[in-house]
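> Quick one: the structure is below, and I'll ask about it shortly.
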Amino acid sequence: MTRVTILSDILNLGLPVGQEAYIIAHNRRIDVAYQYLIRVPAIQKEFWVVEDDIKPLTEADTLKDYSCEVEEVLIDVALQTKQFNIIKQIKDDNKADR
């Protein structure tokens, strides 16, 4: 099962654009428009989609998502504990990375 993100909904199937999904089947016939069967865990549904609607997630994409989530949690903790130096350090680290 390959992790993908839904980029578009070309054929107006009601796809949740921007959501993460998993490829669970591949149709190898060339005369069929729908090439991939994907499962969207967020809404617990499957869809047959064309290749242009999805993009495989790389490990770098996953790490970026996790690091953003970690930063959000750290900022929430810093605000609750009133340790604003943590927020300043996160901002400084983000500036240095650019």
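Residues in the structure tokens are numbered from 1 in each chain, the chains being A, B, ... in the order shown, and ligands are numbered from 1 in the order shown.
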Considering only alpha helix (DSSP H) as DSSP defines it on the backbone, what residues of chain A qualify? List them as a ChimeraX atom specification.
/A:59-81,84-97
> Keeping N, CA and C atoms, export the residues of the selection given above as a compact mmCIF listing (two decimals), in the first residue's frame.

# COMPACT_ATOMS: atom_id res chain seq x y z
N GLU A 59 9.11 10.16 1.81
CA GLU A 59 9.48 10.21 3.23
C GLU A 59 9.74 11.65 3.66
N ALA A 60 10.26 12.46 2.76
CA ALA A 60 10.52 13.87 3.08
C ALA A 60 9.21 14.61 3.36
N ASP A 61 8.15 14.30 2.59
CA ASP A 61 6.85 14.92 2.83
C ASP A 61 6.33 14.56 4.22
N THR A 62 6.49 13.30 4.58
CA THR A 62 6.02 12.83 5.88
C THR A 62 6.79 13.51 7.01
N LEU A 63 8.10 13.62 6.86
CA LEU A 63 8.91 14.28 7.89
C LEU A 63 8.54 15.75 8.03
N LYS A 64 8.25 16.41 6.90
CA LYS A 64 7.82 17.82 6.95
C LYS A 64 6.52 17.95 7.73
N ASP A 65 5.56 17.04 7.45
CA ASP A 65 4.29 17.08 8.16
C ASP A 65 4.48 16.88 9.66
N TYR A 66 5.31 15.90 10.03
CA TYR A 66 5.54 15.64 11.44
C TYR A 66 6.23 16.80 12.13
N SER A 67 7.20 17.42 11.45
CA SER A 67 7.91 18.53 12.08
C SER A 67 6.97 19.73 12.28
N CYS A 68 6.04 19.94 11.35
CA CYS A 68 5.06 21.03 11.51
C CYS A 68 4.14 20.74 12.70
N GLU A 69 3.73 19.49 12.83
CA GLU A 69 2.86 19.13 13.96
C GLU A 69 3.59 19.29 15.29
N VAL A 70 4.86 18.92 15.32
CA VAL A 70 5.65 19.07 16.54
C VAL A 70 5.78 20.54 16.92
N GLU A 71 6.02 21.39 15.92
CA GLU A 71 6.12 22.82 16.19
C GLU A 71 4.82 23.37 16.75
N GLU A 72 3.68 22.93 16.21
CA GLU A 72 2.39 23.40 16.70
C GLU A 72 2.18 23.00 18.16
N VAL A 73 2.56 21.77 18.50
CA VAL A 73 2.41 21.30 19.88
C VAL A 73 3.33 22.10 20.80
N LEU A 74 4.56 22.33 20.36
CA LEU A 74 5.49 23.11 21.18
C LEU A 74 4.99 24.53 21.41
N ILE A 75 4.42 25.13 20.39
CA ILE A 75 3.88 26.49 20.54
C ILE A 75 2.70 26.49 21.51
N ASP A 76 1.84 25.48 21.42
CA ASP A 76 0.71 25.39 22.36
C ASP A 76 1.20 25.25 23.79
N VAL A 77 2.20 24.41 24.00
CA VAL A 77 2.75 24.22 25.35
C VAL A 77 3.40 25.51 25.83
N ALA A 78 4.13 26.19 24.95
CA ALA A 78 4.79 27.44 25.33
C ALA A 78 3.76 28.50 25.72
N LEU A 79 2.66 28.57 25.00
CA LEU A 79 1.62 29.55 25.33
C LEU A 79 0.95 29.22 26.66
N GLN A 80 0.71 27.93 26.90
CA GLN A 80 0.05 27.54 28.14
C GLN A 80 0.95 27.75 29.36
N THR A 81 2.24 27.54 29.18
CA THR A 81 3.18 27.69 30.31
C THR A 81 3.83 29.07 30.34
N PHE A 84 7.63 32.05 26.51
CA PHE A 84 7.66 32.62 25.17
C PHE A 84 9.02 32.49 24.49
N ASN A 85 10.06 32.18 25.26
CA ASN A 85 11.37 31.97 24.66
C ASN A 85 11.38 30.75 23.74
N ILE A 86 10.50 29.77 23.99
CA ILE A 86 10.39 28.60 23.12
C ILE A 86 9.88 29.02 21.74
N ILE A 87 8.88 29.89 21.72
CA ILE A 87 8.33 30.38 20.45
C ILE A 87 9.38 31.16 19.69
N LYS A 88 10.13 31.99 20.41
CA LYS A 88 11.19 32.78 19.77
C LYS A 88 12.25 31.86 19.18
N GLN A 89 12.59 30.78 19.89
CA GLN A 89 13.60 29.85 19.40
C GLN A 89 13.10 29.11 18.15
N ILE A 90 11.83 28.74 18.11
CA ILE A 90 11.25 28.07 16.94
C ILE A 90 11.30 29.01 15.73
N LYS A 91 10.93 30.28 15.95
CA LYS A 91 10.98 31.26 14.85
C LYS A 91 12.40 31.44 14.35
N ASP A 92 13.36 31.52 15.27
CA ASP A 92 14.76 31.69 14.87
C ASP A 92 15.26 30.46 14.08
N ASP A 93 14.87 29.27 14.52
CA ASP A 93 15.27 28.05 13.80
C ASP A 93 14.67 28.01 12.40
N ASN A 94 13.42 28.46 12.26
CA ASN A 94 12.78 28.48 10.94
C ASN A 94 13.47 29.49 10.02
N LYS A 95 13.88 30.63 10.55
CA LYS A 95 14.61 31.62 9.73
C LYS A 95 15.95 31.07 9.28
N ALA A 96 16.60 30.33 10.16
CA ALA A 96 17.93 29.76 9.83
C ALA A 96 17.80 28.68 8.76
N ASP A 97 16.70 27.95 8.74
CA ASP A 97 16.49 26.88 7.77
C ASP A 97 16.24 27.41 6.37
> Per DSSP on the backbone, filter chain A down to the residues in strand (DSSP E) and report them as a list of chain:residue names.
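The residues of chain A classed as strand (DSSP E) are A:Thr2, A:Arg3, A:Val4, A:Thr5, A:Ile6, A:Glu20, A:Ala21, A:Tyr22, A:Ile23, A:Ile24, A:Ala25, A:His26, A:Tyr36, A:Leu37, A:Ile38, A:Arg39, A:Val40, A:Lys45, A:Glu46, A:Phe47, A:Trp48, A:Val49, A:Ile54, A:Lys55, A:Pro56.
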> For CA of Phe47 (chain A) and CA of Leu11 (chain A), determine how far apart the two atoms are, in Å to one decimal place.
11.4 Å
> Got a sec: who's within 12 Å of Leu7 (chain A), counting only C-alpha atoms, leaving out chain neighbours fewer than 5 positions off, as a list in words?
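Using only C-alpha atoms, the neighbours found are Leu15, Pro16, Val17, Gly18, Gln19, Glu20, Ala21, Val49, Val50, Glu51, Asp52, Asp53, Ile54, Lys55, Pro56 and Leu57 of chain A.
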> Between CA of Arg28 (chain A) and CA of Thr2 (chain A), what is the spacing in Å?
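Calculated distance between CA of Thr2 (chain A) and CA of Arg28 (chain A) is 16.2 Å.
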> Could you jot down the CA of Asn12 (chain A) to CA of Glu46 (chain A) separation for me, Å, one decimal place?
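Spanning CA of Asn12 (chain A) to CA of Glu46 (chain A) is a straight-line distance of 14.5 Å.
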> Would you pick out the contacts of Asn27 (chain A) at 10 Å or less, using only C-alpha atoms, so that residues sharing its chain but fewer than 6 positions from it are not included, and give the list as a count of residues only?
6
